[in-house]
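*Asks:* One file is attached below, input.cif, containing mmCIF, N, CA and C atoms and all ligand atoms.
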data_run
loop_
_atom_site.label_atom_id
_atom_site.label_comp_id
_atom_site.auth_asym_id
_atom_site.auth_seq_id
_atom_site.Cartn_x
_atom_site.Cartn_y
_atom_site.Cartn_z
N MET D 1 -0.77 -87.67 -37.12
CA MET D 1 -0.08 -86.71 -36.26
C MET D 1 -0.25 -85.30 -36.81
N LYS D 2 -0.27 -84.33 -35.91
CA LYS D 2 -0.41 -82.92 -36.31
C LYS D 2 0.77 -82.12 -35.76
N MET D 3 1.04 -81.00 -36.43
CA MET D 3 2.00 -80.03 -35.91
C MET D 3 1.25 -78.73 -35.65
N LEU D 4 1.33 -78.27 -34.41
CA LEU D 4 0.68 -77.00 -34.07
C LEU D 4 1.72 -75.89 -34.03
N PHE D 5 1.48 -74.84 -34.79
CA PHE D 5 2.30 -73.63 -34.72
C PHE D 5 1.51 -72.64 -33.87
N CYS D 6 2.03 -72.32 -32.71
CA CYS D 6 1.32 -71.41 -31.79
C CYS D 6 2.13 -70.13 -31.67
N ILE D 7 1.59 -69.03 -32.19
CA ILE D 7 2.28 -67.73 -32.11
C ILE D 7 1.73 -67.02 -30.89
N VAL D 8 2.61 -66.76 -29.93
CA VAL D 8 2.17 -66.21 -28.64
C VAL D 8 3.04 -65.02 -28.26
N GLN D 9 2.59 -64.26 -27.29
CA GLN D 9 3.38 -63.13 -26.81
C GLN D 9 4.54 -63.66 -25.96
N ASN D 10 5.66 -62.94 -26.02
CA ASN D 10 6.85 -63.35 -25.26
C ASN D 10 6.53 -63.58 -23.78
N GLU D 11 5.67 -62.73 -23.24
CA GLU D 11 5.33 -62.80 -21.81
C GLU D 11 4.69 -64.14 -21.44
N ASP D 12 4.01 -64.78 -22.41
CA ASP D 12 3.30 -66.03 -22.13
C ASP D 12 4.10 -67.27 -22.51
N ALA D 13 5.19 -67.09 -23.28
CA ALA D 13 5.86 -68.24 -23.89
C ALA D 13 6.46 -69.20 -22.86
N GLY D 14 7.14 -68.64 -21.84
CA GLY D 14 7.79 -69.50 -20.85
C GLY D 14 6.77 -70.34 -20.10
N GLY D 15 5.68 -69.70 -19.68
CA GLY D 15 4.63 -70.42 -18.94
C GLY D 15 3.98 -71.48 -19.80
N LEU D 16 3.82 -71.18 -21.10
CA LEU D 16 3.20 -72.16 -22.00
C LEU D 16 4.09 -73.39 -22.16
N VAL D 17 5.38 -73.17 -22.37
CA VAL D 17 6.31 -74.31 -22.53
C VAL D 17 6.31 -75.16 -21.26
N THR D 18 6.32 -74.50 -20.11
CA THR D 18 6.29 -75.24 -18.83
C THR D 18 5.01 -76.06 -18.71
N ALA D 19 3.87 -75.44 -19.05
CA ALA D 19 2.58 -76.15 -18.93
C ALA D 19 2.52 -77.32 -19.90
N LEU D 20 3.03 -77.13 -21.13
CA LEU D 20 3.01 -78.23 -22.11
C LEU D 20 3.86 -79.39 -21.61
N THR D 21 5.04 -79.07 -21.11
CA THR D 21 5.94 -80.12 -20.62
C THR D 21 5.30 -80.89 -19.47
N LYS D 22 4.64 -80.14 -18.55
CA LYS D 22 3.97 -80.77 -17.42
C LYS D 22 2.86 -81.72 -17.87
N GLU D 23 2.19 -81.37 -18.98
CA GLU D 23 1.09 -82.20 -19.51
C GLU D 23 1.62 -83.32 -20.41
N GLY D 24 2.95 -83.41 -20.57
CA GLY D 24 3.53 -84.51 -21.35
C GLY D 24 3.72 -84.22 -22.83
N TYR D 25 3.65 -82.93 -23.23
CA TYR D 25 3.85 -82.58 -24.64
C TYR D 25 5.24 -81.99 -24.84
N ARG D 26 5.86 -82.39 -25.95
CA ARG D 26 7.16 -81.82 -26.29
C ARG D 26 6.95 -80.59 -27.15
N SER D 27 7.86 -79.64 -27.02
CA SER D 27 7.68 -78.40 -27.80
C SER D 27 9.03 -77.80 -28.16
N THR D 28 9.01 -76.93 -29.16
CA THR D 28 10.21 -76.17 -29.55
C THR D 28 9.81 -74.70 -29.62
N ARG D 29 10.62 -73.87 -29.00
CA ARG D 29 10.32 -72.43 -28.98
C ARG D 29 11.25 -71.67 -29.92
N TYR D 30 10.64 -70.89 -30.80
CA TYR D 30 11.40 -70.02 -31.70
C TYR D 30 11.14 -68.57 -31.32
N GLN D 31 12.16 -67.74 -31.46
CA GLN D 31 11.94 -66.31 -31.36
C GLN D 31 11.45 -65.83 -32.73
N SER D 32 10.33 -65.10 -32.77
CA SER D 32 9.79 -64.65 -34.05
C SER D 32 9.37 -63.18 -33.93
N HIS D 33 8.94 -62.60 -35.04
CA HIS D 33 8.53 -61.20 -35.05
C HIS D 33 7.25 -61.06 -35.87
N GLY D 34 6.29 -60.31 -35.34
CA GLY D 34 5.04 -60.08 -36.06
C GLY D 34 5.25 -59.10 -37.21
N GLY D 35 4.58 -59.35 -38.32
CA GLY D 35 4.73 -58.48 -39.49
C GLY D 35 4.07 -57.13 -39.32
N PHE D 36 3.08 -57.04 -38.47
CA PHE D 36 2.33 -55.78 -38.32
C PHE D 36 3.02 -54.86 -37.33
N LEU D 37 3.24 -55.34 -36.11
CA LEU D 37 3.85 -54.49 -35.08
C LEU D 37 5.38 -54.49 -35.15
N ARG D 38 5.95 -55.49 -35.87
CA ARG D 38 7.42 -55.64 -35.96
C ARG D 38 8.05 -55.81 -34.59
N GLN D 39 7.30 -56.47 -33.70
CA GLN D 39 7.84 -56.69 -32.36
C GLN D 39 8.07 -58.17 -32.14
N GLY D 40 8.94 -58.48 -31.19
CA GLY D 40 9.25 -59.87 -30.90
C GLY D 40 8.04 -60.61 -30.35
N ASN D 41 7.82 -61.82 -30.84
CA ASN D 41 6.88 -62.73 -30.20
C ASN D 41 7.52 -64.11 -30.23
N ALA D 42 6.79 -65.13 -29.84
CA ALA D 42 7.38 -66.48 -29.80
C ALA D 42 6.49 -67.43 -30.57
N THR D 43 7.13 -68.33 -31.31
CA THR D 43 6.39 -69.38 -32.01
C THR D 43 6.75 -70.71 -31.35
N ILE D 44 5.73 -71.39 -30.84
CA ILE D 44 5.94 -72.67 -30.16
C ILE D 44 5.43 -73.77 -31.08
N LEU D 45 6.30 -74.70 -31.45
CA LEU D 45 5.91 -75.86 -32.27
C LEU D 45 5.60 -77.02 -31.35
N VAL D 46 4.45 -77.67 -31.58
CA VAL D 46 4.10 -78.84 -30.78
C VAL D 46 3.66 -79.96 -31.73
N GLY D 47 4.37 -81.07 -31.72
CA GLY D 47 3.95 -82.27 -32.46
C GLY D 47 3.10 -83.11 -31.54
N ALA D 48 1.87 -83.48 -32.01
CA ALA D 48 0.96 -84.21 -31.11
C ALA D 48 0.07 -85.14 -31.93
N PRO D 49 -0.38 -86.25 -31.32
CA PRO D 49 -1.32 -87.13 -32.01
C PRO D 49 -2.62 -86.39 -32.33
N ASP D 50 -3.30 -86.81 -33.40
CA ASP D 50 -4.53 -86.13 -33.84
C ASP D 50 -5.51 -85.92 -32.69
N GLU D 51 -5.69 -86.96 -31.88
CA GLU D 51 -6.72 -86.91 -30.84
C GLU D 51 -6.33 -86.00 -29.67
N LYS D 52 -5.08 -85.50 -29.65
CA LYS D 52 -4.62 -84.63 -28.56
C LYS D 52 -4.64 -83.14 -28.94
N VAL D 53 -5.02 -82.85 -30.18
CA VAL D 53 -4.96 -81.45 -30.64
C VAL D 53 -5.83 -80.54 -29.75
N GLY D 54 -7.03 -80.99 -29.43
CA GLY D 54 -7.92 -80.19 -28.58
C GLY D 54 -7.32 -79.95 -27.22
N ASP D 55 -6.65 -80.95 -26.69
CA ASP D 55 -6.03 -80.83 -25.37
C ASP D 55 -4.88 -79.82 -25.40
N VAL D 56 -4.07 -79.88 -26.48
CA VAL D 56 -2.96 -78.92 -26.59
C VAL D 56 -3.52 -77.49 -26.69
N ILE D 57 -4.57 -77.32 -27.49
CA ILE D 57 -5.17 -75.98 -27.63
C ILE D 57 -5.72 -75.50 -26.28
N ALA D 58 -6.24 -76.41 -25.49
CA ALA D 58 -6.74 -76.03 -24.15
C ALA D 58 -5.60 -75.52 -23.27
N VAL D 59 -4.44 -76.17 -23.37
CA VAL D 59 -3.27 -75.72 -22.58
C VAL D 59 -2.86 -74.32 -23.04
N VAL D 60 -2.86 -74.12 -24.37
CA VAL D 60 -2.48 -72.79 -24.90
C VAL D 60 -3.48 -71.74 -24.41
N ARG D 61 -4.77 -72.09 -24.46
CA ARG D 61 -5.82 -71.17 -24.04
C ARG D 61 -5.62 -70.75 -22.58
N ARG D 62 -5.26 -71.72 -21.73
CA ARG D 62 -5.07 -71.44 -20.30
C ARG D 62 -3.82 -70.58 -20.04
N SER D 63 -2.82 -70.70 -20.92
CA SER D 63 -1.51 -70.09 -20.63
C SER D 63 -1.33 -68.71 -21.26
N CYS D 64 -2.20 -68.34 -22.20
CA CYS D 64 -1.97 -67.10 -22.96
C CYS D 64 -3.15 -66.15 -22.77
N ARG D 65 -2.84 -64.88 -22.59
CA ARG D 65 -3.96 -63.96 -22.42
C ARG D 65 -3.87 -62.80 -23.40
N THR D 66 -5.03 -62.16 -23.55
CA THR D 66 -5.12 -61.02 -24.46
C THR D 66 -4.57 -59.77 -23.78
N ARG D 67 -3.83 -58.98 -24.53
CA ARG D 67 -3.33 -57.71 -24.01
C ARG D 67 -3.60 -56.61 -25.03
N THR D 68 -3.65 -55.39 -24.54
CA THR D 68 -3.84 -54.25 -25.44
C THR D 68 -2.54 -53.49 -25.54
N GLN D 69 -2.17 -53.19 -26.77
CA GLN D 69 -0.94 -52.43 -27.01
C GLN D 69 -1.30 -51.13 -27.70
N TYR D 70 -0.69 -50.03 -27.27
CA TYR D 70 -0.95 -48.75 -27.93
C TYR D 70 0.17 -48.44 -28.90
N ILE D 71 -0.20 -48.12 -30.14
CA ILE D 71 0.83 -47.79 -31.13
C ILE D 71 0.50 -46.44 -31.76
N ASN D 72 1.56 -45.75 -32.21
CA ASN D 72 1.37 -44.50 -32.94
C ASN D 72 1.32 -44.80 -34.42
N PRO D 73 0.20 -44.46 -35.10
CA PRO D 73 0.15 -44.71 -36.54
C PRO D 73 1.17 -43.87 -37.28
N LEU D 74 1.54 -44.33 -38.49
CA LEU D 74 2.51 -43.56 -39.29
C LEU D 74 1.90 -42.20 -39.65
N PRO D 75 2.73 -41.15 -39.69
CA PRO D 75 2.17 -39.83 -40.06
C PRO D 75 1.71 -39.81 -41.51
N PRO D 76 0.63 -39.04 -41.80
CA PRO D 76 0.17 -38.93 -43.19
C PRO D 76 1.12 -38.05 -44.01
N MET D 77 0.94 -38.02 -45.34
CA MET D 77 1.70 -37.08 -46.19
C MET D 77 1.27 -35.66 -45.78
N MET D 78 2.26 -34.78 -45.57
CA MET D 78 1.89 -33.44 -45.09
C MET D 78 2.55 -32.37 -45.93
N GLU D 79 1.92 -31.21 -45.94
CA GLU D 79 2.47 -30.03 -46.61
C GLU D 79 3.46 -29.35 -45.65
N PRO D 80 4.44 -28.60 -46.20
CA PRO D 80 5.36 -27.87 -45.32
C PRO D 80 4.58 -26.95 -44.38
N GLY D 81 4.97 -26.89 -43.13
CA GLY D 81 4.32 -26.00 -42.16
C GLY D 81 3.17 -26.66 -41.41
N GLU D 82 2.67 -27.80 -41.91
CA GLU D 82 1.59 -28.48 -41.19
C GLU D 82 2.15 -29.21 -39.99
N PHE D 83 1.32 -29.37 -38.98
CA PHE D 83 1.75 -30.00 -37.74
C PHE D 83 0.92 -31.26 -37.50
N TYR D 84 1.60 -32.35 -37.17
CA TYR D 84 0.88 -33.62 -36.97
C TYR D 84 1.07 -34.10 -35.54
N MET D 85 -0.02 -34.27 -34.82
CA MET D 85 0.04 -34.80 -33.46
C MET D 85 -0.57 -36.22 -33.49
N PRO D 86 0.27 -37.27 -33.39
CA PRO D 86 -0.29 -38.62 -33.55
C PRO D 86 -1.18 -39.00 -32.38
N ASN D 87 -2.30 -39.63 -32.68
CA ASN D 87 -3.18 -40.20 -31.65
C ASN D 87 -2.91 -41.69 -31.56
N PRO D 88 -2.43 -42.18 -30.41
CA PRO D 88 -2.16 -43.61 -30.32
C PRO D 88 -3.45 -44.41 -30.53
N VAL D 89 -3.34 -45.54 -31.23
CA VAL D 89 -4.51 -46.42 -31.40
C VAL D 89 -4.19 -47.72 -30.66
N ASP D 90 -5.24 -48.37 -30.16
CA ASP D 90 -4.97 -49.61 -29.43
C ASP D 90 -5.18 -50.83 -30.33
N VAL D 91 -4.31 -51.80 -30.14
CA VAL D 91 -4.33 -53.05 -30.90
C VAL D 91 -4.44 -54.20 -29.90
N GLN D 92 -5.38 -55.09 -30.15
CA GLN D 92 -5.56 -56.26 -29.28
C GLN D 92 -4.59 -57.36 -29.71
N LEU D 93 -3.81 -57.87 -28.78
CA LEU D 93 -2.85 -58.93 -29.08
C LEU D 93 -3.28 -60.23 -28.42
N GLY D 94 -3.25 -61.31 -29.20
CA GLY D 94 -3.45 -62.64 -28.63
C GLY D 94 -4.84 -62.86 -28.08
N GLY D 95 -4.92 -63.79 -27.16
CA GLY D 95 -4.01 -64.74 -26.57
C GLY D 95 -3.04 -65.46 -27.47
N ALA D 96 -3.48 -66.20 -28.53
CA ALA D 96 -2.54 -66.95 -29.35
C ALA D 96 -3.15 -67.14 -30.74
N THR D 97 -2.25 -67.22 -31.74
CA THR D 97 -2.68 -67.57 -33.10
C THR D 97 -2.15 -68.97 -33.36
N ILE D 98 -3.06 -69.90 -33.69
CA ILE D 98 -2.67 -71.32 -33.78
C ILE D 98 -2.96 -71.86 -35.18
N PHE D 99 -1.97 -72.45 -35.80
CA PHE D 99 -2.14 -73.17 -37.07
C PHE D 99 -1.93 -74.65 -36.80
N VAL D 100 -2.83 -75.49 -37.31
CA VAL D 100 -2.70 -76.95 -37.13
C VAL D 100 -2.47 -77.58 -38.50
N LEU D 101 -1.32 -78.22 -38.68
CA LEU D 101 -0.94 -78.82 -39.97
C LEU D 101 -0.83 -80.34 -39.85
N ASP D 102 -1.17 -81.04 -40.95
CA ASP D 102 -0.95 -82.48 -40.98
C ASP D 102 0.54 -82.77 -41.10
N VAL D 103 1.00 -83.78 -40.39
CA VAL D 103 2.40 -84.21 -40.50
C VAL D 103 2.44 -85.45 -41.41
N ALA D 104 3.18 -85.36 -42.52
CA ALA D 104 3.23 -86.47 -43.47
C ALA D 104 4.07 -87.62 -42.91
N HIS D 105 5.11 -87.27 -42.19
CA HIS D 105 6.02 -88.31 -41.69
C HIS D 105 6.75 -87.77 -40.47
N PHE D 106 6.93 -88.63 -39.47
CA PHE D 106 7.66 -88.21 -38.27
C PHE D 106 8.58 -89.34 -37.86
N GLU D 107 9.82 -89.02 -37.62
CA GLU D 107 10.69 -90.03 -37.02
C GLU D 107 11.82 -89.37 -36.27
N GLN D 108 12.32 -90.05 -35.27
CA GLN D 108 13.49 -89.59 -34.54
C GLN D 108 14.54 -90.66 -34.66
N VAL D 109 15.74 -90.27 -35.10
CA VAL D 109 16.78 -91.29 -35.31
C VAL D 109 17.93 -91.08 -34.35
P1 LIG D 201 1.62 -58.88 -35.65
O1 LIG D 201 1.60 -59.13 -37.12
O2 LIG D 201 2.67 -57.94 -35.14
O3 LIG D 201 0.16 -58.35 -35.25
C1 LIG D 201 -0.08 -57.85 -33.95
C2 LIG D 201 -1.54 -57.47 -33.78
O4 LIG D 201 -1.84 -56.39 -34.67
C3 LIG D 201 -2.52 -58.60 -34.17
O5 LIG D 201 -2.74 -59.43 -33.04
C4 LIG D 201 -3.76 -57.81 -34.56
O6 LIG D 201 -4.50 -57.39 -33.43
C5 LIG D 201 -3.16 -56.56 -35.19
N1 LIG D 201 -3.05 -56.66 -36.65
C6 LIG D 201 -2.27 -57.49 -37.38
N2 LIG D 201 -2.39 -57.26 -38.69
C7 LIG D 201 -3.28 -56.25 -38.81
C8 LIG D 201 -3.83 -55.53 -39.92
N3 LIG D 201 -3.47 -55.82 -41.18
N4 LIG D 201 -4.73 -54.55 -39.64
C9 LIG D 201 -5.08 -54.24 -38.40
N5 LIG D 201 -4.59 -54.87 -37.29
C10 LIG D 201 -3.71 -55.87 -37.50
P2 LIG D 201 -2.98 -60.97 -33.22
O7 LIG D 201 -4.06 -61.19 -34.25
O8 LIG D 201 -3.18 -61.56 -31.87
O9 LIG D 201 -1.64 -61.58 -33.87
C11 LIG D 201 -0.45 -61.71 -33.09
C12 LIG D 201 0.67 -62.20 -33.96
O10 LIG D 201 0.32 -63.49 -34.50
C13 LIG D 201 0.97 -61.34 -35.20
O11 LIG D 201 1.78 -60.25 -34.85
C14 LIG D 201 1.68 -62.34 -36.11
O12 LIG D 201 3.02 -62.54 -35.68
C15 LIG D 201 0.90 -63.63 -35.80
N6 LIG D 201 -0.19 -63.84 -36.77
C16 LIG D 201 -1.48 -63.47 -36.63
N7 LIG D 201 -2.20 -63.86 -37.69
C17 LIG D 201 -1.35 -64.46 -38.53
C18 LIG D 201 -1.49 -65.07 -39.81
N8 LIG D 201 -2.69 -65.16 -40.47
N9 LIG D 201 -0.40 -65.62 -40.40
C19 LIG D 201 0.80 -65.56 -39.77
N10 LIG D 201 1.02 -65.00 -38.56
C20 LIG D 201 -0.06 -64.46 -37.94
#
Could you take the file, read its structure, and then write that structure out as structure tokens?

*Replies:*
Amino acid sequence: MKMLFCIVQNEDAGGLVTALTKEGYRSTRYQSHGGFLRQGNATILVGAPDEKVGDVIAVVRRSCRTRTQYINPLPPMMEPGEFYMPNPVDVQLGGATIFVLDVAHFEQV
């Protein structure tokens, strides 16, 4: 058995959980935050048999899309009297970041 950690954008999380459920996969949704942008995203945990990992990833691929986000970089160190006009830079987000881990033991009691 494997555990998939799928980090996705909030906008895609609801649709992904719905699609997984429709395909017969159970999932758990966590609210999480990215370390770089410090913005909310969602982490979806999916426990699945080894042979279904590709299928789960296909569902994630169908449900999540890439978006561009514009951010203002931090201002540089400046001397008094200098003026800084930030130029927004674009950052590509997603579709999804997926980690697949081996599950040593699984049981429901
Ligand atoms: P964030 O850490 O907020 O990163 C958001 C986006 O910023 C990333 O999109 C990437 O395009 C960019 N980015 C991240 N770190 C960067 C850096 N050091 N330099 C330049 N650009 C950087 P994604 O790659 O699609 O990642 C989306 C979210 O997935 C991340 O949000 C983070 O929450 C998670 N993630 C991605 N890679 C991870 C990893 N290796 N370990 C744990 N979480 C990861």

*Asks:* Neighbours of ligand LIG 201 (chain D) at 10 Å or closer, counting only C-alpha atoms and all ligand atoms: which residues, as a PyMOL selection string?

*Replies:* chain D and resi 5-9+32-43+65-69+71+90-99

*Asks:* For Val100 of chain D, find every residue with an atom within 12 Å (counting only C-alpha atoms), except residues of its own chain fewer than 6 positions away, and show them as a list in words.

*Replies:* Met1, Lys2, Met3, Leu4, Phe5, Cys6, Ile7, Ile44, Leu45, Val46, Gly47, Ala48, Pro49, Asp50, Lys52, Val53, Gly54, Val56 and Ile57 of chain D

*Asks:* Go ahead and compute the interatomic distance for atom C of Thr18 of chain D and atom C of Leu101 of chain D, in Å to one decimal.

*Replies:*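 The value is 22.3 Å.
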
*Asks:* Between atom CA of Asp55 of chain D and atom CA of Gly14 of chain D, what is the spacing in Å?

*Replies:*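 Those two atoms sit 18.4 Å apart.
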
*Asks:* Go through D:Glu51, D:Thr28, D:Cys64, D:Met77 one by one, measure the shortest atom-to-atom distance of each to Glu11 of chain D using all atoms listed in the file, and give the residue with the smallest value.

*Replies:*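 Selected residue with least distance to Glu11 of chain D: D:Cys64.
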
*Asks:* Could you give me the residues within chain D that DSSP places in strand (DSSP E), as an NGL selection string?

*Replies:* :D and (2-8 or 27-33 or 40-48 or 67-71 or 89-93 or 96-102)
